[in-house]
Each structure stands twice: as structure tokens, then as C-alpha cells.
Amino acid sequence: MNIYYVYAYLRKDGTPYYIGKGKYDRAFQNHVYHKPPNDRSRIVFLESNLTNVGALALERRYIKWYGRKDLGTGILMNQTDGGDGLTNYNPPAHIRQKSSQPGQLNGMYGKKHSESVRKASSIRRAETNRARKWYNNGIESKFLTECPEGWTRGRINNHTTKYRWYNNGAINKYFAGDPKGEWILGFLT
């Protein structure tokens with residue numbers, strides 16, 4: 001479904017200070033580091049009616065175009081390069097300092113989890129990993145519990161040989177070149 005959009009928060013001078021991707025009312029919600037402007041006319045929808053993959057790609061492109069202040073490449077306050085995840089994440093100084101201090105500042109300092117907690121955590125981790133499968137969008141592969149919109153099951157073979165794995169949803173085949181028919185790039189797991 002094309003329910004995603006890319007938006008920008010504008011300064012009073014009209015320049016963007018934050019670029020984001022969202023759906024529904026995400027543009028109007030508070031973020032971890034940035035609040036939306038009080039004046040709603042300074043929230044601009046750059047692109048709309050997008051798929052998730054399309055919105056992620058455009059968010060990355062806009063962030064790259066305007067650049068990030070924390071990296072010294074531009075004017076945006078974004079903490080990542082955009083597009084799901086923490087690509088090139090540069091946490092604020094207070095977070096870096098807090099996480100770098102060992103010992104008593106750590107909430108688990110001098111403590112151990114009980115055997116029951118360790119066992120429950122181990123079971124939960126195993127169940128999550130069993131539920132995860134490889135999915136790809138033709139560009140990248142991710143190990144996820146659910147298939148994102150516009151993605152297909154299977155893993156992309158990133159080797160630079162002329163032979164690549166393709167699948168038709170049921171079986172895998174190794175082809176030299178682009179196969180004819182309903183074959184999709186990636187290894188079905």
C-alpha cells in the first residue's frame with residue numbers, strides 16, 4: 001500500500017532542520033531528539049503516496065542532499081542517514097559519555113540475572129531467531145520476523161561472479177545471467 005510519505009520540519013527562515021519518513025500522523029508526533037514545530041505550516045510533506053521502500057530511499061536521498069550538522073556535512077539535525085535503522089548513527093555527547101562510564105553508573109553493576117531470567121531470555125531469543133527469515137528488496141537482504149511491503153522472501157547473493165541464485169517462490173536455481181520467466185534474484189531459505 002502507498003501510505004508512506006517523506007516530510008521536513010522547517011526553520012523560521014524556511015530551511016529544513018529535520019527530514020523524516022512516516023505514515024498516518026507520524027509527522028506531528030514528538031521524536032526522540034526533535035519535536036515538531038508548533039506552527040504546523042512549518043511541517044512540509046516533500047513526497048507522499050509512497051511505498052515503504054520508496055519512502056526510505058527518498059528519506060536517505062534528502063538527508064544526503066541537505067547533509068547532517070553532527071557530521072559537519074550540512075544543516076539537518078537528523079542523527080542517522082535515514083532509512084530504517086541506525087546507519088551512521090552519531091549519538092549526542094551526553095549519551096556517549098553515559099554509556100562509556102563503567103562501574104557503578106551501570107544499573108547492573110555487581111548484580112547477576114537469576115537463573116529463571118537467563119533461561120527465559122534464552123528461550124525468547126531462540127524463538128525469535130526461529131521466526132526470522134531472509135527477505136530482500138532486490139538491493140539488500142535483511143533477517144526479519146515479517147516480510148516488509150515490497151520485499152520478497154530470500155537472500156541476495158552479493159558475489160560478483162556471473163552465476164547468481166534465483167528462486168521462483170518454491171525452488172532455488174543457480175543461473176549464469178538473467179533467467180527467463182518468473183525467477184526472482186535471491187536464495188529462498
# chains A, B, ... in the order shown; residues from 1 in each chain; ligands from 1
call {"tool": "residues_around", "arguments": {"residues": "Arg42 in chain A", "least_positions_apart": "3", "cutoff": "9 Å", "atoms": "only C-alpha atoms", "output": "PyMOL selection string"}}
result
chain A and resi 8-12+14+16+36-39
call {"tool": "select_by_dssp", "arguments": {"residues": "chain A", "states": "strand (DSSP E)", "output": "ChimeraX atom specification"}}
result
/A:4-10,16-23,43-50,133-136,141-144,152-153,163-167,172-176,184-185
call {"tool": "write_last_selection", "arguments": {"atoms": "C-alpha atoms", "output": "tab-separated table (two decimals), in the first residue's frame"}}
result
chain	number	residue	atom	x	y	z
A	4	TYR	CA	4.01	6.42	3.38
A	5	TYR	CA	5.39	9.93	2.99
A	6	VAL	CA	8.59	11.94	3.48
A	7	TYR	CA	8.33	15.17	5.46
A	8	ALA	CA	10.50	18.06	6.63
A	9	TYR	CA	10.44	20.36	9.66
A	10	LEU	CA	11.33	23.90	8.62
A	16	PRO	CA	14.74	22.28	6.77
A	17	TYR	CA	16.17	21.13	10.10
A	18	TYR	CA	14.80	17.58	10.10
A	19	ILE	CA	13.76	15.08	7.38
A	20	GLY	CA	11.67	12.05	8.25
A	21	LYS	CA	9.60	9.21	6.80
A	22	GLY	CA	6.22	8.33	8.18
A	23	LYS	CA	2.66	7.21	7.78
A	43	ILE	CA	5.75	20.86	8.54
A	44	VAL	CA	6.11	20.19	4.81
A	45	PHE	CA	5.28	16.93	3.03
A	46	LEU	CA	8.00	16.53	0.41
A	47	GLU	CA	6.64	13.33	-1.15
A	48	SER	CA	3.50	11.27	-0.46
A	49	ASN	CA	1.63	8.20	-1.67
A	50	LEU	CA	4.82	6.11	-1.44
A	133	LYS	CA	13.66	-15.41	7.67
A	134	TRP	CA	15.70	-13.71	4.96
A	135	TYR	CA	13.92	-11.09	2.84
A	136	ASN	CA	15.23	-8.81	0.07
A	141	SER	CA	18.81	-8.52	2.32
A	142	LYS	CA	17.59	-8.46	5.93
A	143	PHE	CA	16.94	-11.20	8.50
A	144	LEU	CA	13.44	-10.31	9.82
A	152	THR	CA	10.33	-10.89	-1.33
A	153	ARG	CA	11.46	-13.97	0.55
A	163	TYR	CA	26.44	-17.00	-11.61
A	164	ARG	CA	23.70	-15.99	-9.15
A	165	TRP	CA	20.97	-17.71	-7.15
A	166	TYR	CA	17.36	-17.19	-8.25
A	167	ASN	CA	14.10	-18.60	-6.87
A	172	ASN	CA	16.31	-22.27	-5.94
A	173	LYS	CA	18.43	-22.41	-9.10
A	174	TYR	CA	21.91	-21.15	-9.91
A	175	PHE	CA	21.93	-19.26	-13.24
A	176	ALA	CA	24.57	-17.60	-15.35
A	184	ILE	CA	13.49	-13.64	-8.59
A	185	LEU	CA	17.05	-12.79	-7.59
call {"tool": "residues_around", "arguments": {"residues": "Thr128 in chain A", "least_positions_apart": "4", "cutoff": "8 Å", "atoms": "only C-alpha atoms", "output": "NGL selection string"}}
result
:A and (124 or 132 or 145)
call {"tool": "write_last_selection", "arguments": {"atoms": "C-alpha atoms", "output": "mmCIF file, in the first residue's frame"}}
result
data_model
loop_
_atom_site.group_PDB
_atom_site.id
_atom_site.type_symbol
_atom_site.label_atom_id
_atom_site.label_comp_id
_atom_site.auth_asym_id
_atom_site.auth_seq_id
_atom_site.Cartn_x
_atom_site.Cartn_y
_atom_site.Cartn_z
ATOM 1 C CA ARG A 124 12.806 -15.859 23.884
ATOM 2 C CA ARG A 132 13.124 -14.852 11.409
ATOM 3 C CA THR A 145 10.388 -11.803 11.514
#
call {"tool": "residues_around", "arguments": {"residues": "Tyr66 in chain A", "least_positions_apart": "6", "cutoff": "8 Å", "atoms": "only C-alpha atoms", "output": "PyMOL selection string"}}
result
chain A and resi 73-76
call {"tool": "select_by_dssp", "arguments": {"residues": "chain A", "states": "helix (DSSP H, G or I)", "output": "PyMOL selection string"}}
result
chain A and resi 26-28+40-42+52-66+93-100+103-105+115-131
call {"tool": "write_last_selection", "arguments": {"atoms": "C-alpha atoms", "output": "short mmCIF file (atom, residue, chain, number, x, y, z; two decimals), in the first residue's frame"}}
result
data_model
loop_
_atom_site.label_atom_id
_atom_site.label_comp_id
_atom_site.auth_asym_id
_atom_site.auth_seq_id
_atom_site.Cartn_x
_atom_site.Cartn_y
_atom_site.Cartn_z
CA ARG A 26 4.00 10.48 12.38
CA ALA A 27 4.99 13.96 11.17
CA PHE A 28 3.04 15.53 14.05
CA ARG A 40 2.09 23.37 11.66
CA SER A 41 2.67 25.35 8.48
CA ARG A 42 6.38 24.61 9.02
CA ASN A 52 7.74 1.88 2.44
CA VAL A 53 10.81 1.11 0.32
CA GLY A 54 10.29 4.23 -1.79
CA ALA A 55 9.86 6.44 1.28
CA LEU A 56 13.03 5.03 2.88
CA ALA A 57 15.04 5.68 -0.28
CA LEU A 58 13.77 9.26 -0.63
CA GLU A 59 14.40 9.97 3.06
CA ARG A 60 18.03 8.86 2.62
CA ARG A 61 18.36 10.95 -0.54
CA TYR A 62 17.00 14.15 1.09
CA ILE A 63 19.22 13.70 4.16
CA LYS A 64 22.25 13.19 1.95
CA TRP A 65 21.28 16.25 -0.14
CA TYR A 66 20.92 18.64 2.82
CA ALA A 93 27.65 13.75 23.65
CA HIS A 94 25.62 13.13 26.84
CA ILE A 95 24.59 9.66 25.59
CA ARG A 96 28.16 8.79 24.56
CA GLN A 97 29.51 9.89 27.95
CA LYS A 98 26.87 7.99 29.93
CA SER A 99 27.37 4.75 28.00
CA SER A 100 31.16 4.99 28.22
CA GLY A 103 31.11 0.51 37.03
CA GLN A 104 28.55 1.84 39.45
CA LEU A 105 26.82 4.03 36.87
CA GLU A 115 18.69 -18.43 36.56
CA SER A 116 14.99 -18.15 35.64
CA VAL A 117 15.55 -14.78 33.92
CA ARG A 118 18.55 -16.14 31.99
CA LYS A 119 16.57 -19.19 30.89
CA ALA A 120 13.53 -17.12 29.83
CA SER A 121 15.79 -14.76 27.87
CA SER A 122 17.47 -17.69 26.13
CA ILE A 123 14.11 -19.21 25.13
CA ARG A 124 12.81 -15.86 23.88
CA ARG A 125 15.95 -15.31 21.79
CA ALA A 126 15.70 -18.82 20.28
CA GLU A 127 12.01 -18.37 19.40
CA THR A 128 12.69 -15.00 17.77
CA ASN A 129 15.52 -16.39 15.66
CA ARG A 130 13.40 -19.37 14.56
CA ALA A 131 10.68 -16.97 13.41
#
call {"tool": "closest_residue", "arguments": {"among": "A:Ser114, A:Asn137, A:Thr80, A:Thr15", "to": "Glu149 in chain A", "atoms": "only C-alpha atoms"}}
result
A:Asn137
call {"tool": "atom_distance", "arguments": {"atom1": "CA of Gly67 in chain A", "atom2": "CA of Asn30 in chain A"}}
result
21.8 Å
call {"tool": "residues_around", "arguments": {"residues": "Val32 in chain A", "least_positions_apart": "3", "cutoff": "12 Å", "atoms": "only C-alpha atoms", "output": "list in words"}}
result
Gln29, Lys35, Pro36, Met77, Asn78, Gln79, Pro91 and Pro92 of chain A
call {"tool": "write_last_selection", "arguments": {"atoms": "C-alpha atoms", "output": "tab-separated table (two decimals), in the first residue's frame"}}
result
chain	number	residue	atom	x	y	z
A	29	GLN	CA	4.37	13.28	16.85
A	35	LYS	CA	9.81	17.98	18.42
A	36	PRO	CA	7.63	19.03	15.52
A	77	MET	CA	19.61	17.78	12.92
A	78	ASN	CA	18.96	14.14	11.91
A	79	GLN	CA	21.00	11.66	13.96
A	91	PRO	CA	24.66	9.80	19.40
A	92	PRO	CA	24.73	13.12	21.29
call {"tool": "atom_distance", "arguments": {"atom1": "CA of Arg155 in chain A", "atom2": "CA of Asp178 in chain A"}}
result
16.5 Å
call {"tool": "decode", "arguments": {"residues": "range 36-152 of chain A", "atoms": "C-alpha atoms", "output": "compact mmCIF listing (two decimals), in the first residue's frame"}}
result
# COMPACT_ATOMS: atom_id res chain seq x y z
CA PRO A 36 7.63 19.03 15.52
CA PRO A 37 7.35 22.81 15.13
CA ASN A 38 4.44 24.42 16.98
CA ASP A 39 3.47 26.20 13.78
CA ARG A 40 2.09 23.37 11.66
CA SER A 41 2.67 25.35 8.48
CA ARG A 42 6.38 24.61 9.02
CA ILE A 43 5.75 20.86 8.54
CA VAL A 44 6.11 20.19 4.81
CA PHE A 45 5.28 16.93 3.03
CA LEU A 46 8.00 16.53 0.41
CA GLU A 47 6.64 13.33 -1.15
CA SER A 48 3.50 11.27 -0.46
CA ASN A 49 1.63 8.20 -1.67
CA LEU A 50 4.82 6.11 -1.44
CA THR A 51 5.62 2.51 -0.64
CA ASN A 52 7.74 1.88 2.44
CA VAL A 53 10.81 1.11 0.32
CA GLY A 54 10.29 4.23 -1.79
CA ALA A 55 9.86 6.44 1.28
CA LEU A 56 13.03 5.03 2.88
CA ALA A 57 15.04 5.68 -0.28
CA LEU A 58 13.77 9.26 -0.63
CA GLU A 59 14.40 9.97 3.06
CA ARG A 60 18.03 8.86 2.62
CA ARG A 61 18.36 10.95 -0.54
CA TYR A 62 17.00 14.15 1.09
CA ILE A 63 19.22 13.70 4.16
CA LYS A 64 22.25 13.19 1.95
CA TRP A 65 21.28 16.25 -0.14
CA TYR A 66 20.92 18.64 2.82
CA GLY A 67 23.63 16.99 4.97
CA ARG A 68 23.82 16.48 8.74
CA LYS A 69 25.09 19.01 11.29
CA ASP A 70 26.55 16.36 13.61
CA LEU A 71 28.78 15.09 10.78
CA GLY A 72 29.62 18.59 9.57
CA THR A 73 28.11 17.89 6.15
CA GLY A 74 25.04 20.15 6.22
CA ILE A 75 22.10 21.75 8.01
CA LEU A 76 19.92 18.87 9.28
CA MET A 77 19.61 17.78 12.92
CA ASN A 78 18.96 14.14 11.91
CA GLN A 79 21.00 11.66 13.96
CA THR A 80 21.15 8.97 11.22
CA ASP A 81 21.44 8.78 7.44
CA GLY A 82 17.77 7.76 7.28
CA GLY A 83 16.06 4.63 6.04
CA ASP A 84 15.14 2.24 8.91
CA GLY A 85 17.88 1.62 11.39
CA LEU A 86 20.85 3.44 12.80
CA THR A 87 23.02 3.80 9.72
CA ASN A 88 25.91 6.12 10.54
CA TYR A 89 24.32 6.94 13.92
CA ASN A 90 26.20 9.57 15.90
CA PRO A 91 24.66 9.80 19.40
CA PRO A 92 24.73 13.12 21.29
CA ALA A 93 27.65 13.75 23.65
CA HIS A 94 25.62 13.13 26.84
CA ILE A 95 24.59 9.66 25.59
CA ARG A 96 28.16 8.79 24.56
CA GLN A 97 29.51 9.89 27.95
CA LYS A 98 26.87 7.99 29.93
CA SER A 99 27.37 4.75 28.00
CA SER A 100 31.16 4.99 28.22
CA GLN A 101 31.29 5.17 32.01
CA PRO A 102 31.80 1.74 33.57
CA GLY A 103 31.11 0.51 37.03
CA GLN A 104 28.55 1.84 39.45
CA LEU A 105 26.82 4.03 36.87
CA ASN A 106 25.73 0.83 35.12
CA GLY A 107 22.38 -0.35 36.54
CA MET A 108 23.51 -4.00 36.57
CA TYR A 109 26.88 -3.29 38.21
CA GLY A 110 27.66 -6.02 40.76
CA LYS A 111 24.42 -7.89 40.03
CA LYS A 112 23.59 -11.07 38.13
CA HIS A 113 20.36 -12.11 36.48
CA SER A 114 18.62 -15.00 38.19
CA GLU A 115 18.69 -18.43 36.56
CA SER A 116 14.99 -18.15 35.64
CA VAL A 117 15.55 -14.78 33.92
CA ARG A 118 18.55 -16.14 31.99
CA LYS A 119 16.57 -19.19 30.89
CA ALA A 120 13.53 -17.12 29.83
CA SER A 121 15.79 -14.76 27.87
CA SER A 122 17.47 -17.69 26.13
CA ILE A 123 14.11 -19.21 25.13
CA ARG A 124 12.81 -15.86 23.88
CA ARG A 125 15.95 -15.31 21.79
CA ALA A 126 15.70 -18.82 20.28
CA GLU A 127 12.01 -18.37 19.40
CA THR A 128 12.69 -15.00 17.77
CA ASN A 129 15.52 -16.39 15.66
CA ARG A 130 13.40 -19.37 14.56
CA ALA A 131 10.68 -16.97 13.41
CA ARG A 132 13.12 -14.85 11.41
CA LYS A 133 13.66 -15.41 7.67
CA TRP A 134 15.70 -13.71 4.96
CA TYR A 135 13.92 -11.09 2.84
CA ASN A 136 15.23 -8.81 0.07
CA ASN A 137 14.08 -5.84 -1.99
CA GLY A 138 16.42 -6.52 -4.90
CA ILE A 139 19.10 -4.26 -3.39
CA GLU A 140 19.67 -5.51 0.15
CA SER A 141 18.81 -8.52 2.32
CA LYS A 142 17.59 -8.46 5.93
CA PHE A 143 16.94 -11.20 8.50
CA LEU A 144 13.44 -10.31 9.82
CA THR A 145 10.39 -11.80 11.51
CA GLU A 146 7.95 -10.27 8.99
CA CYS A 147 8.21 -9.51 5.28
CA PRO A 148 8.26 -5.73 4.67
CA GLU A 149 5.98 -4.38 1.98
CA GLY A 150 7.53 -4.62 -1.47
CA TRP A 151 10.12 -7.22 -0.37
CA THR A 152 10.33 -10.89 -1.33
